[in-house]
file model_5.txt (compact mmCIF, C-alpha atoms)
# COMPACT_ATOMS: atom_id res chain seq x y z
CA MET O 217 3.27 -9.30 10.15
CA ALA O 218 1.02 -10.18 13.05
CA THR O 219 -1.51 -7.62 14.17
CA SER O 220 -2.74 -7.11 17.68
CA GLY O 221 -6.34 -6.17 17.02
CA THR O 222 -6.15 -3.92 20.07
CA SER O 223 -7.31 -0.74 18.36
CA LEU O 224 -10.27 -2.51 16.74
CA ARG O 225 -11.44 -3.85 20.09
CA ARG O 226 -11.05 -0.42 21.64
CA ARG O 227 -13.02 1.16 18.78
CA ARG O 228 -15.71 -1.52 19.01
CA LEU O 229 -16.05 -0.82 22.74
CA GLY O 230 -16.16 2.93 22.10
CA VAL O 231 -18.94 2.57 19.54
CA ALA O 232 -20.98 0.47 21.98
CA LEU O 233 -20.51 3.02 24.76
CA ARG O 234 -21.48 5.89 22.49
CA GLU O 235 -24.65 4.07 21.42
CA LEU O 236 -25.56 3.35 25.05
CA ARG O 237 -24.99 6.98 26.04
CA GLU O 238 -27.09 8.31 23.16
CA ARG O 239 -29.83 5.78 23.94
CA ALA O 240 -29.81 7.09 27.52
CA GLY O 241 -30.17 10.64 26.19
CA MET O 242 -27.02 11.91 27.89
CA THR O 243 -24.27 14.28 26.75
CA HIS O 244 -20.51 14.12 27.33
CA GLN O 245 -20.91 17.03 29.75
CA GLN O 246 -23.42 15.08 31.83
CA VAL O 247 -21.40 11.88 31.90
CA GLY O 248 -17.94 13.39 32.53
CA PRO O 249 -18.42 14.11 36.26
CA VAL O 250 -19.39 10.47 36.89
CA LEU O 251 -15.90 9.38 35.80
CA ASP O 252 -14.26 12.54 37.12
CA CYS O 253 -12.95 13.24 33.65
CA SER O 254 -13.35 15.89 30.97
CA PRO O 255 -15.87 15.57 28.14
CA SER O 256 -12.91 15.43 25.73
CA LYS O 257 -11.53 12.33 27.45
CA LEU O 258 -14.92 10.64 27.24
CA SER O 259 -14.98 11.53 23.54
CA ARG O 260 -11.57 9.88 23.10
CA ILE O 261 -12.85 6.74 24.81
CA GLU O 262 -15.83 6.60 22.45
CA ASN O 263 -13.56 7.20 19.45
CA GLY O 264 -11.34 4.30 20.49
CA GLU O 265 -8.32 6.52 21.04
CA VAL O 266 -7.83 5.53 24.68
CA GLY O 267 -8.94 2.60 26.82
CA VAL O 268 -11.24 2.63 29.82
CA ARG O 269 -10.60 1.17 33.26
CA ARG O 270 -12.84 -1.65 34.43
CA GLY O 271 -14.28 0.37 37.30
CA ASP O 272 -15.10 3.29 35.03
CA LEU O 273 -16.67 0.95 32.48
CA LEU O 274 -18.96 -0.60 35.08
CA ALA O 275 -19.92 2.88 36.31
CA LEU O 276 -20.84 3.87 32.76
CA LEU O 277 -22.91 0.76 32.21
CA ASP O 278 -24.79 1.44 35.44
CA LEU O 279 -25.31 5.07 34.48
CA TYR O 280 -26.66 4.09 31.06
CA GLY O 281 -28.99 1.55 32.62
CA LEU O 282 -27.54 -1.52 30.93
CA ALA O 283 -28.97 -4.47 32.88
CA ASP O 284 -28.35 -7.26 30.37
CA ALA O 285 -25.76 -9.46 32.10
CA LEU O 286 -24.52 -11.05 28.88
CA GLN O 287 -23.91 -7.71 27.18
CA ARG O 288 -22.19 -6.36 30.29
CA ASP O 289 -19.87 -9.37 30.31
CA GLU O 290 -19.12 -8.95 26.59
CA LEU O 291 -18.20 -5.28 27.02
CA THR O 292 -16.10 -6.02 30.10
CA GLU O 293 -14.18 -8.70 28.19
CA LEU O 294 -13.78 -6.34 25.23
CA ALA O 295 -12.27 -3.72 27.54
CA ARG O 296 -9.86 -6.30 28.97
CA GLU O 297 -8.75 -7.50 25.54
CA SER O 298 -8.29 -3.94 24.30
CA LYS O 299 -5.51 -3.44 26.85
CA ARG O 300 -3.31 -6.17 25.43
CA ARG O 301 -0.20 -4.66 23.98
CA GLY O 302 1.30 -5.77 20.71
CA GLY O 303 2.54 -4.51 17.35
CA TRP O 304 5.85 -3.35 15.92
CA TRP O 305 4.88 0.31 16.42
CA LEU O 306 5.21 0.09 20.20
CA LYS O 307 8.96 0.69 20.01
CA TYR O 308 8.20 4.10 18.51
CA GLY O 309 6.61 5.44 21.67
CA ASP O 310 6.77 9.09 20.63
CA LEU O 311 4.53 8.74 17.59
CA SER O 312 1.59 11.12 17.63
CA ALA O 313 -1.75 9.59 18.59
CA PRO O 314 -3.38 10.27 15.17
CA PHE O 315 -0.47 8.69 13.28
CA LEU O 316 -0.34 5.73 15.66
CA LYS O 317 -4.06 5.22 15.06
CA LEU O 318 -3.46 5.22 11.29
CA ILE O 319 -0.76 2.54 11.60
CA GLN O 320 -2.98 0.36 13.75
CA LEU O 321 -6.02 0.69 11.48
CA GLU O 322 -3.94 -0.02 8.37
CA SER O 323 -2.57 -3.17 10.00
CA GLU O 324 -6.07 -4.40 10.82
CA ALA O 325 -7.98 -3.31 7.71
CA ALA O 326 -9.38 -5.78 5.20
CA SER O 327 -9.44 -3.10 2.50
CA ILE O 328 -7.99 0.38 2.05
CA ARG O 329 -9.40 2.53 -0.75
CA GLY O 330 -8.64 6.15 -1.46
CA THR O 331 -7.35 8.98 -3.59
CA ASP O 332 -4.04 10.87 -3.71
CA LEU O 333 -3.73 14.21 -5.43
CA LEU O 334 -0.12 15.36 -5.16
CA LEU O 335 1.94 12.48 -3.81
CA VAL O 336 2.36 8.74 -4.03
CA PRO O 337 0.66 7.24 -0.92
CA GLY O 338 2.92 6.18 1.93
CA LEU O 339 2.05 2.49 1.54
CA LEU O 340 3.51 2.54 -1.98
CA GLN O 341 6.51 4.85 -1.64
CA THR O 342 10.07 3.72 -2.32
CA ALA O 343 12.67 4.44 0.33
CA GLU O 344 14.31 7.13 -1.84
CA TYR O 345 11.00 8.86 -2.57
CA ALA O 346 10.01 8.77 1.11
CA ARG O 347 13.45 10.03 2.15
CA ALA O 348 13.18 13.03 -0.18
CA LEU O 349 9.76 13.92 1.18
CA ILE O 350 10.70 13.50 4.83
CA ARG O 351 13.82 15.67 4.43
CA THR O 352 11.56 18.61 3.63
CA ALA O 353 10.00 18.22 7.10
CA VAL O 354 13.22 17.57 9.06
CA PRO O 355 16.03 18.97 6.86
CA ASP O 356 18.68 19.11 9.60
CA ASP O 357 18.25 15.72 11.29
CA GLU O 358 19.38 12.85 9.11
CA GLU O 359 18.92 10.34 11.92
CA GLU O 360 15.28 11.31 12.29
CA VAL O 361 14.84 11.15 8.52
CA GLU O 362 16.08 7.55 8.46
CA ARG O 363 13.90 6.67 11.44
CA ARG O 364 10.78 7.94 9.66
CA VAL O 365 11.76 6.13 6.48
CA ARG O 366 12.01 2.85 8.45
CA ILE O 367 8.56 3.42 9.92
CA ARG O 368 7.10 4.08 6.47
CA LEU O 369 8.66 0.98 4.96
CA THR O 370 7.55 -1.17 7.90
CA ARG O 371 3.96 0.03 7.38
CA GLN O 372 4.16 -1.35 3.85
CA GLU O 373 4.77 -4.89 5.06
CA ILE O 374 1.03 -5.40 5.51
CA LEU O 375 0.78 -5.66 1.72
CA LEU O 376 3.14 -8.65 1.64
CA ARG O 377 1.77 -10.74 4.48
CA PRO O 378 -0.21 -13.97 3.77
CA ASP O 379 -3.55 -12.21 4.38
CA PRO O 380 -2.91 -8.74 2.94
CA PRO O 381 -5.54 -6.04 2.77
CA GLU O 382 -6.92 -4.99 -0.59
CA LEU O 383 -5.34 -1.66 -1.51
CA TRP O 384 -7.08 0.38 -4.21
CA VAL O 385 -5.58 3.77 -5.00
CA ILE O 386 -6.66 6.46 -7.44
CA LEU O 387 -3.80 8.84 -8.27
CA ASP O 388 -4.11 12.25 -9.83
CA GLU O 389 -1.74 12.43 -12.80
CA ALA O 390 -0.14 15.45 -11.11
CA ALA O 391 1.40 13.11 -8.52
CA LEU O 392 3.20 11.27 -11.32
CA HIS O 393 4.85 14.36 -12.80
CA ARG O 394 6.10 16.01 -9.60
CA ARG O 395 9.83 15.17 -9.51
CA VAL O 396 10.17 14.27 -5.85
CA GLY O 397 13.84 13.48 -5.19
CA GLY O 398 14.83 14.18 -8.80
CA SER O 399 14.30 12.45 -12.12
CA GLU O 400 15.90 9.11 -11.32
CA VAL O 401 14.13 8.73 -7.96
CA MET O 402 10.82 9.58 -9.59
CA SER O 403 11.35 7.16 -12.45
CA GLN O 404 12.12 4.34 -10.03
CA GLN O 405 9.07 5.28 -7.93
CA LEU O 406 6.76 5.03 -10.92
CA LYS O 407 8.23 1.67 -11.89
CA ALA O 408 7.68 0.53 -8.30
CA LEU O 409 4.02 1.55 -8.66
CA VAL O 410 3.77 -0.60 -11.77
CA ALA O 411 5.23 -3.57 -9.87
CA ALA O 412 2.88 -2.97 -6.95
CA GLY O 413 -0.10 -2.84 -9.29
CA ASP O 414 0.82 -6.30 -10.60
CA ARG O 415 0.12 -7.79 -7.17
CA PRO O 416 -3.34 -9.38 -6.85
CA ASN O 417 -4.26 -7.28 -3.80
CA VAL O 418 -3.26 -3.88 -5.24
CA THR O 419 -5.20 -1.83 -7.81
CA ILE O 420 -3.91 1.49 -9.14
CA GLN O 421 -5.87 3.86 -11.36
CA VAL O 422 -4.87 7.27 -12.65
CA LEU O 423 -7.09 10.30 -13.16
CA PRO O 424 -5.58 11.89 -16.29
CA PHE O 425 -5.25 15.64 -16.76
CA GLU O 426 -7.70 15.62 -19.64
CA HIS O 427 -10.54 14.55 -17.36
CA GLY O 428 -10.61 18.02 -15.84
CA GLU O 429 -12.27 18.67 -12.49
CA TYR O 430 -13.52 15.89 -10.20
CA GLU O 431 -15.22 15.46 -6.84
CA ALA O 432 -12.21 14.73 -4.59
CA MET O 433 -10.08 17.68 -5.70
CA PRO O 434 -10.34 19.42 -2.28
CA GLY O 435 -8.25 16.69 -0.64
CA SER O 436 -7.07 13.10 -0.40
CA PHE O 437 -8.89 10.51 1.69
CA ARG O 438 -8.89 6.83 2.67
CA VAL O 439 -11.82 4.52 3.37
CA MET O 440 -10.75 1.60 5.55
CA ARG O 441 -12.96 -1.44 6.00
CA PHE O 442 -12.59 -4.36 8.38
CA ALA O 443 -13.42 -8.04 8.24
CA ASP O 444 -15.70 -8.05 11.29
CA PRO O 445 -19.00 -6.22 10.60
CA ARG O 446 -18.99 -5.00 14.21
CA ASP O 447 -16.01 -2.78 13.39
CA PRO O 448 -17.20 0.42 11.71
CA ASP O 449 -15.69 1.48 8.41
CA THR O 450 -13.50 4.53 8.86
CA VAL O 451 -12.63 7.49 6.65
CA TYR O 452 -9.18 8.99 7.12
CA LEU O 453 -8.51 12.56 6.02
CA GLU O 454 -5.05 14.09 6.20
CA GLY O 455 -4.04 17.72 5.81
CA TYR O 456 -1.36 20.13 6.94
CA ALA O 457 -3.33 20.83 10.12
CA GLY O 458 -3.50 17.14 11.05
CA ALA O 459 -5.56 14.00 10.62
CA VAL O 460 -9.32 13.52 10.94
CA TYR O 461 -11.12 10.18 11.37
CA LEU O 462 -14.80 9.74 10.51
CA ASP O 463 -16.81 6.60 11.24
CA ASP O 464 -20.35 7.94 11.01
CA ALA O 465 -22.19 5.77 8.49
CA ARG O 466 -23.30 8.80 6.47
CA ASP O 467 -19.73 10.08 6.10
CA VAL O 468 -18.45 6.65 5.11
CA ARG O 469 -21.22 6.28 2.56
CA ARG O 470 -20.50 9.72 1.08
CA TYR O 471 -16.76 9.11 0.65
CA SER O 472 -17.34 5.58 -0.63
CA LEU O 473 -19.69 6.98 -3.27
CA VAL O 474 -17.10 9.57 -4.31
CA PHE O 475 -14.50 6.82 -4.62
CA ASP O 476 -16.85 4.73 -6.78
CA HIS O 477 -17.48 7.71 -9.05
CA LEU O 478 -13.74 8.31 -9.46
CA CYS O 479 -13.15 4.64 -10.29
CA ALA O 480 -15.63 5.00 -13.11
CA VAL O 481 -13.94 8.02 -14.69
CA ALA O 482 -10.27 7.13 -14.04
CA LEU O 483 -8.17 5.19 -16.51
CA SER O 484 -8.46 1.41 -16.24
CA PRO O 485 -5.71 -0.34 -14.26
CA GLN O 486 -4.10 -1.52 -17.51
CA SER O 487 -4.21 1.92 -19.14
CA SER O 488 -2.92 3.42 -15.88
CA ARG O 489 -0.02 0.96 -15.97
CA GLN O 490 0.91 2.07 -19.47
CA LEU O 491 0.75 5.74 -18.46
CA LEU O 492 2.97 5.08 -15.42
CA LEU O 493 5.61 3.44 -17.61
CA ARG O 494 5.45 6.24 -20.17
CA ILE O 495 5.86 8.99 -17.57
CA ALA O 496 8.65 7.00 -15.84
CA GLN O 497 10.55 6.99 -19.12
CA ASN O 498 9.98 10.74 -19.58
CA HIS O 499 11.52 11.43 -16.17
CA VAL O 500 14.90 10.05 -17.26
CA GLU O 501 15.00 11.39 -20.81
call {"tool": "encode", "arguments": {"input": "model_5.txt", "output": "structure tokens"}}
result
Amino acid sequence: MATSGTSLRRRRLGVALRELRERAGMTHQQVGPVLDCSPSKLSRIENGEVGVRRGDLLALLDLYGLADALQRDELTELARESKRRGGWWLKYGDLSAPFLKLIQLESEAASIRGTDLLLVPGLLQTAEYARALIRTAVPDDEEEVERRVRIRLTRQEILLRPDPPELWVILDEAALHRRVGGSEVMSQQLKALVAAGDRPNVTIQVLPFEHGEYEAMPGSFRVMRFADPRDPDTVYLEGYAGAVYLDDARDVRRYSLVFDHLCAVALSPQSSRQLLLRIAQNHVE
């Protein structure tokens, strides 16, 4: 599946603008009136959530005192390229901004590493498993259920393209025992995890019950990295209240360290594979 790269360019531009603003010693409240916009909109521009018009960009560069002609041209071109539209997700125009951002970042990531405590991650769910989960959110709208299942399965296509991202997932054993959709659905889901783990770009490890407590127990997270070093690594956190994205280097380093620690204490990929098969069999007995 082709990717547009639009969100990465927008994020790259936002990071540059944030650095220029901080170097100029200015706050969102001070800059907002220059663009006749709210501080929250300026924050969304710097977070790469929305684009910026050429005139507003030039006004910002003047305000921040950027005189370097080459850098101004690079940022202007980056803003122009970030407005190009592309990607399968565009036909789902009503997707929330945080979820749309997740889809775009997944499609552009070189690696996705993270933990899941209660559920199989969306990128590895079978249609039946996803359908059972989604029905709990929209129990009376089968058409919407099927629409969301299609979106979830389409997201997974990044793992099958010629240049797939590396996906490394650490699952709490609890996620393997919860009978989402019933015994047969769960058994097939676990077997699908085994098949996914046999792909060269997918690694699955399980944190067994006997390990006890561990660092990431408060919640699941993802660390997404990108091929171009100019694109900041991003941590994705998801909870019932919504999604949070972190790209501060200290946050990324902290979550990456937690992930490394969990890799060290989780079962090896081969032992995890054996456990998945054993639990899959238990689900149908």
call {"tool": "residues_around", "arguments": {"input": "model_5.txt", "residues": "segment 310-323 of chain O", "least_positions_apart": "3", "cutoff": "10 Å", "atoms": "only C-alpha atoms", "output": "PyMOL selection string"}}
result
chain O and resi 217-224+264-266+303-307+326-328+339+367-368+370-375+380-381+440-442+450+452+454+458-461
call {"tool": "closest_residue", "arguments": {"input": "model_5.txt", "among": "O:Glu389, O:Glu358, O:Glu400, O:Glu382", "to": "Gly413 of chain O", "atoms": "all atoms listed in the file"}}
result
O:Glu382
call {"tool": "residues_around", "arguments": {"input": "model_5.txt", "residues": "segment 489-500 of chain O", "least_positions_apart": "5", "cutoff": "7 Å", "atoms": "all atoms listed in the file", "output": "list of chain:residue names"}}
result
O:Ser399, O:Glu400, O:Met402, O:Ser403, O:Leu406, O:Lys407, O:Val410
call {"tool": "residues_near_point", "arguments": {"input": "model_5.txt", "point": "(-14.7, -0.7, 15.4)", "cutoff": "6 Å", "atoms": "only C-alpha atoms", "output": "PyMOL selection string"}}
result
chain O and resi 224+227-228+447-448
call {"tool": "closest_residue", "arguments": {"input": "model_5.txt", "among": "O:Tyr308, O:Tyr456, O:Tyr280, O:Phe437", "to": "Arg470 of chain O", "atoms": "all atoms listed in the file"}}
result
O:Phe437
call {"tool": "closest_residue", "arguments": {"input": "model_5.txt", "among": "O:Asp414, O:Glu362, O:Glu426, O:Asp467", "to": "Leu383 of chain O", "atoms": "only C-alpha atoms"}}
result
O:Asp414
call {"tool": "atom_distance", "arguments": {"input": "model_5.txt", "atom1": "atom CA of Ile350 of chain O", "atom2": "atom CA of Arg438 of chain O"}}
result
20.8 Å
call {"tool": "residues_around", "arguments": {"input": "model_5.txt", "residues": "Asp388 of chain O", "least_positions_apart": "6", "cutoff": "12 Å", "atoms": "all atoms listed in the file", "output": "compact mmCIF listing (two decimals) with C-alpha atoms, keeping the file's coordinate frame"}}
result
# COMPACT_ATOMS: atom_id res chain seq x y z
CA GLY O 330 -8.64 6.15 -1.46
CA THR O 331 -7.35 8.98 -3.59
CA ASP O 332 -4.04 10.87 -3.71
CA LEU O 333 -3.73 14.21 -5.43
CA LEU O 334 -0.12 15.36 -5.16
CA LEU O 335 1.94 12.48 -3.81
CA VAL O 336 2.36 8.74 -4.03
CA PRO O 337 0.66 7.24 -0.92
CA ARG O 394 6.10 16.01 -9.60
CA ILE O 420 -3.91 1.49 -9.14
CA GLN O 421 -5.87 3.86 -11.36
CA VAL O 422 -4.87 7.27 -12.65
CA LEU O 423 -7.09 10.30 -13.16
CA PRO O 424 -5.58 11.89 -16.29
CA PHE O 425 -5.25 15.64 -16.76
CA GLU O 426 -7.70 15.62 -19.64
CA HIS O 427 -10.54 14.55 -17.36
CA GLY O 428 -10.61 18.02 -15.84
CA GLU O 429 -12.27 18.67 -12.49
CA TYR O 430 -13.52 15.89 -10.20
CA GLU O 431 -15.22 15.46 -6.84
CA ALA O 432 -12.21 14.73 -4.59
CA MET O 433 -10.08 17.68 -5.70
CA GLY O 435 -8.25 16.69 -0.64
CA SER O 436 -7.07 13.10 -0.40
CA LEU O 478 -13.74 8.31 -9.46
CA CYS O 479 -13.15 4.64 -10.29
CA VAL O 481 -13.94 8.02 -14.69
CA ALA O 482 -10.27 7.13 -14.04
CA LEU O 483 -8.17 5.19 -16.51
CA SER O 488 -2.92 3.42 -15.88
CA LEU O 491 0.75 5.74 -18.46
CA LEU O 492 2.97 5.08 -15.42
call {"tool": "atom_distance", "arguments": {"input": "model_5.txt", "atom1": "atom CA of Leu462 of chain O", "atom2": "atom CA of Gly230 of chain O"}}
result
13.5 Å
call {"tool": "closest_residue", "arguments": {"input": "model_5.txt", "among": "O:Val451, O:Leu369, O:Leu236, O:Ala348", "to": "Arg329 of chain O", "atoms": "all atoms listed in the file"}}
result
O:Val451
call {"tool": "residues_around", "arguments": {"input": "model_5.txt", "residues": "Ser259 of chain O", "least_positions_apart": "6", "cutoff": "12 Å", "atoms": "only C-alpha atoms", "output": "JSON, numbers by chain"}}
result
{"O": [227, 230, 231, 233, 234, 237, 243, 244, 245, 247, 248, 253, 265, 266, 267, 268]}
call {"tool": "write_last_selection", "arguments": {"input": "model_5.txt", "atoms": "C-alpha atoms", "output": "PDB file, keeping the file's coordinate frame"}}
result
ATOM      1  CA  ARG O 227     -13.020   1.160  18.780  1.00  0.00           C
ATOM      2  CA  GLY O 230     -16.160   2.930  22.100  1.00  0.00           C
ATOM      3  CA  VAL O 231     -18.940   2.570  19.540  1.00  0.00           C
ATOM      4  CA  LEU O 233     -20.510   3.020  24.760  1.00  0.00           C
ATOM      5  CA  ARG O 234     -21.480   5.890  22.490  1.00  0.00           C
ATOM      6  CA  ARG O 237     -24.990   6.980  26.040  1.00  0.00           C
ATOM      7  CA  THR O 243     -24.270  14.280  26.750  1.00  0.00           C
ATOM      8  CA  HIS O 244     -20.510  14.120  27.330  1.00  0.00           C
ATOM      9  CA  GLN O 245     -20.910  17.030  29.750  1.00  0.00           C
ATOM     10  CA  VAL O 247     -21.400  11.880  31.900  1.00  0.00           C
ATOM     11  CA  GLY O 248     -17.940  13.390  32.530  1.00  0.00           C
ATOM     12  CA  CYS O 253     -12.950  13.240  33.650  1.00  0.00           C
ATOM     13  CA  GLU O 265      -8.320   6.520  21.040  1.00  0.00           C
ATOM     14  CA  VAL O 266      -7.830   5.530  24.680  1.00  0.00           C
ATOM     15  CA  GLY O 267      -8.940   2.600  26.820  1.00  0.00           C
ATOM     16  CA  VAL O 268     -11.240   2.630  29.820  1.00  0.00           C
TER      17      VAL O 268
END
call {"tool": "closest_residue", "arguments": {"input": "model_5.txt", "among": "O:Pro485, O:Val439, O:Glu238, O:Glu324", "to": "Asp463 of chain O", "atoms": "all atoms listed in the file"}}
result
O:Val439
call {"tool": "decode", "arguments": {"input": "model_5.txt", "residues": "segment 390-472 of chain O", "atoms": "C-alpha atoms", "output": "PDB file, in the first residue's frame"}}
result
ATOM      1  CA  ALA O 390      -4.182 -12.021  30.231  1.00  0.00           C
ATOM      2  CA  ALA O 391      -4.927 -10.932  26.656  1.00  0.00           C
ATOM      3  CA  LEU O 392      -4.580 -14.549  25.524  1.00  0.00           C
ATOM      4  CA  HIS O 393      -7.100 -15.954  27.998  1.00  0.00           C
ATOM      5  CA  ARG O 394      -9.900 -13.403  27.587  1.00  0.00           C
ATOM      6  CA  ARG O 395     -12.455 -15.164  25.361  1.00  0.00           C
ATOM      7  CA  VAL O 396     -13.313 -12.318  23.023  1.00  0.00           C
ATOM      8  CA  GLY O 397     -16.016 -13.553  20.641  1.00  0.00           C
ATOM      9  CA  GLY O 398     -16.125 -16.995  22.253  1.00  0.00           C
ATOM     10  CA  SER O 399     -13.824 -19.996  22.359  1.00  0.00           C
ATOM     11  CA  GLU O 400     -13.574 -20.689  18.641  1.00  0.00           C
ATOM     12  CA  VAL O 401     -12.930 -17.040  17.700  1.00  0.00           C
ATOM     13  CA  MET O 402     -10.270 -16.807  20.384  1.00  0.00           C
ATOM     14  CA  SER O 403      -8.584 -20.015  19.307  1.00  0.00           C
ATOM     15  CA  GLN O 404      -8.407 -18.812  15.710  1.00  0.00           C
ATOM     16  CA  GLN O 405      -7.081 -15.434  16.870  1.00  0.00           C
ATOM     17  CA  LEU O 406      -4.238 -17.046  18.780  1.00  0.00           C
ATOM     18  CA  LYS O 407      -3.352 -19.227  15.806  1.00  0.00           C
ATOM     19  CA  ALA O 408      -3.353 -16.076  13.663  1.00  0.00           C
ATOM     20  CA  LEU O 409      -0.871 -14.547  16.117  1.00  0.00           C
ATOM     21  CA  VAL O 410       1.367 -17.568  15.676  1.00  0.00           C
ATOM     22  CA  ALA O 411       1.220 -17.164  11.883  1.00  0.00           C
ATOM     23  CA  ALA O 412       1.935 -13.446  12.166  1.00  0.00           C
ATOM     24  CA  GLY O 413       4.921 -14.123  14.399  1.00  0.00           C
ATOM     25  CA  ASP O 414       6.391 -16.360  11.692  1.00  0.00           C
ATOM     26  CA  ARG O 415       6.743 -13.355   9.388  1.00  0.00           C
ATOM     27  CA  PRO O 416      10.247 -11.846   9.331  1.00  0.00           C
ATOM     28  CA  ASN O 417       8.983  -8.355  10.226  1.00  0.00           C
ATOM     29  CA  VAL O 418       6.813  -9.382  13.200  1.00  0.00           C
ATOM     30  CA  THR O 419       8.027 -10.332  16.691  1.00  0.00           C
ATOM     31  CA  ILE O 420       5.628 -11.410  19.441  1.00  0.00           C
ATOM     32  CA  GLN O 421       6.592 -11.990  23.067  1.00  0.00           C
ATOM     33  CA  VAL O 422       4.357 -12.878  25.990  1.00  0.00           C
ATOM     34  CA  LEU O 423       4.685 -11.719  29.584  1.00  0.00           C
ATOM     35  CA  PRO O 424       3.548 -14.803  31.540  1.00  0.00           C
ATOM     36  CA  PHE O 425       1.445 -14.611  34.682  1.00  0.00           C
ATOM     37  CA  GLU O 426       4.245 -16.021  36.794  1.00  0.00           C
ATOM     38  CA  HIS O 427       6.408 -12.971  36.149  1.00  0.00           C
ATOM     39  CA  GLY O 428       4.187 -10.922  38.438  1.00  0.00           C
ATOM     40  CA  GLU O 429       4.198  -7.132  38.304  1.00  0.00           C
ATOM     41  CA  TYR O 430       5.998  -5.131  35.609  1.00  0.00           C
ATOM     42  CA  GLU O 431       6.603  -1.530  34.603  1.00  0.00           C
ATOM     43  CA  ALA O 432       3.941  -1.071  31.898  1.00  0.00           C
ATOM     44  CA  MET O 433       0.998  -2.404  33.917  1.00  0.00           C
ATOM     45  CA  PRO O 434      -0.707   1.035  34.104  1.00  0.00           C
ATOM     46  CA  GLY O 435      -1.406   0.982  30.354  1.00  0.00           C
ATOM     47  CA  SER O 436      -0.518  -0.062  26.823  1.00  0.00           C
ATOM     48  CA  PHE O 437       1.689   2.059  24.586  1.00  0.00           C
ATOM     49  CA  ARG O 438       3.351   2.182  21.162  1.00  0.00           C
ATOM     50  CA  VAL O 439       6.701   3.645  20.154  1.00  0.00           C
ATOM     51  CA  MET O 440       6.763   4.479  16.446  1.00  0.00           C
ATOM     52  CA  ARG O 441      10.004   5.252  14.649  1.00  0.00           C
ATOM     53  CA  PHE O 442      10.553   6.574  11.147  1.00  0.00           C
ATOM     54  CA  ALA O 443      13.198   6.090   8.500  1.00  0.00           C
ATOM     55  CA  ASP O 444      14.141   9.771   8.199  1.00  0.00           C
ATOM     56  CA  PRO O 445      16.001  11.020  11.307  1.00  0.00           C
ATOM     57  CA  ARG O 446      14.303  14.400  10.869  1.00  0.00           C
ATOM     58  CA  ASP O 447      10.992  12.791  11.832  1.00  0.00           C
ATOM     59  CA  PRO O 448      10.736  12.504  15.619  1.00  0.00           C
ATOM     60  CA  ASP O 449       9.933   9.163  17.199  1.00  0.00           C
ATOM     61  CA  THR O 450       6.444   9.185  18.659  1.00  0.00           C
ATOM     62  CA  VAL O 451       4.833   7.459  21.633  1.00  0.00           C
ATOM     63  CA  TYR O 452       1.146   6.617  21.293  1.00  0.00           C
ATOM     64  CA  LEU O 453      -0.957   6.071  24.411  1.00  0.00           C
ATOM     65  CA  GLU O 454      -4.574   4.977  24.212  1.00  0.00           C
ATOM     66  CA  GLY O 455      -7.177   4.908  26.954  1.00  0.00           C
ATOM     67  CA  TYR O 456     -10.924   5.175  27.414  1.00  0.00           C
ATOM     68  CA  ALA O 457     -10.649   8.966  27.528  1.00  0.00           C
ATOM     69  CA  GLY O 458      -8.831   9.119  24.180  1.00  0.00           C
ATOM     70  CA  ALA O 459      -5.404   9.035  22.587  1.00  0.00           C
ATOM     71  CA  VAL O 460      -2.242  10.908  23.570  1.00  0.00           C
ATOM     72  CA  TYR O 461       0.833  11.421  21.368  1.00  0.00           C
ATOM     73  CA  LEU O 462       4.253  12.242  22.821  1.00  0.00           C
ATOM     74  CA  ASP O 463       7.301  13.155  20.755  1.00  0.00           C
ATOM     75  CA  ASP O 464       9.490  14.818  23.369  1.00  0.00           C
ATOM     76  CA  ALA O 465      12.832  13.006  23.318  1.00  0.00           C
ATOM     77  CA  ARG O 466      12.704  12.362  27.072  1.00  0.00           C
ATOM     78  CA  ASP O 467       9.283  10.688  26.833  1.00  0.00           C
ATOM     79  CA  VAL O 468      10.361   8.567  23.883  1.00  0.00           C
ATOM     80  CA  ARG O 469      13.516   7.515  25.706  1.00  0.00           C
ATOM     81  CA  ARG O 470      11.549   6.592  28.841  1.00  0.00           C
ATOM     82  CA  TYR O 471       9.018   4.414  27.007  1.00  0.00           C
ATOM     83  CA  SER O 472      11.712   2.851  24.838  1.00  0.00           C
TER      84      SER O 472
END
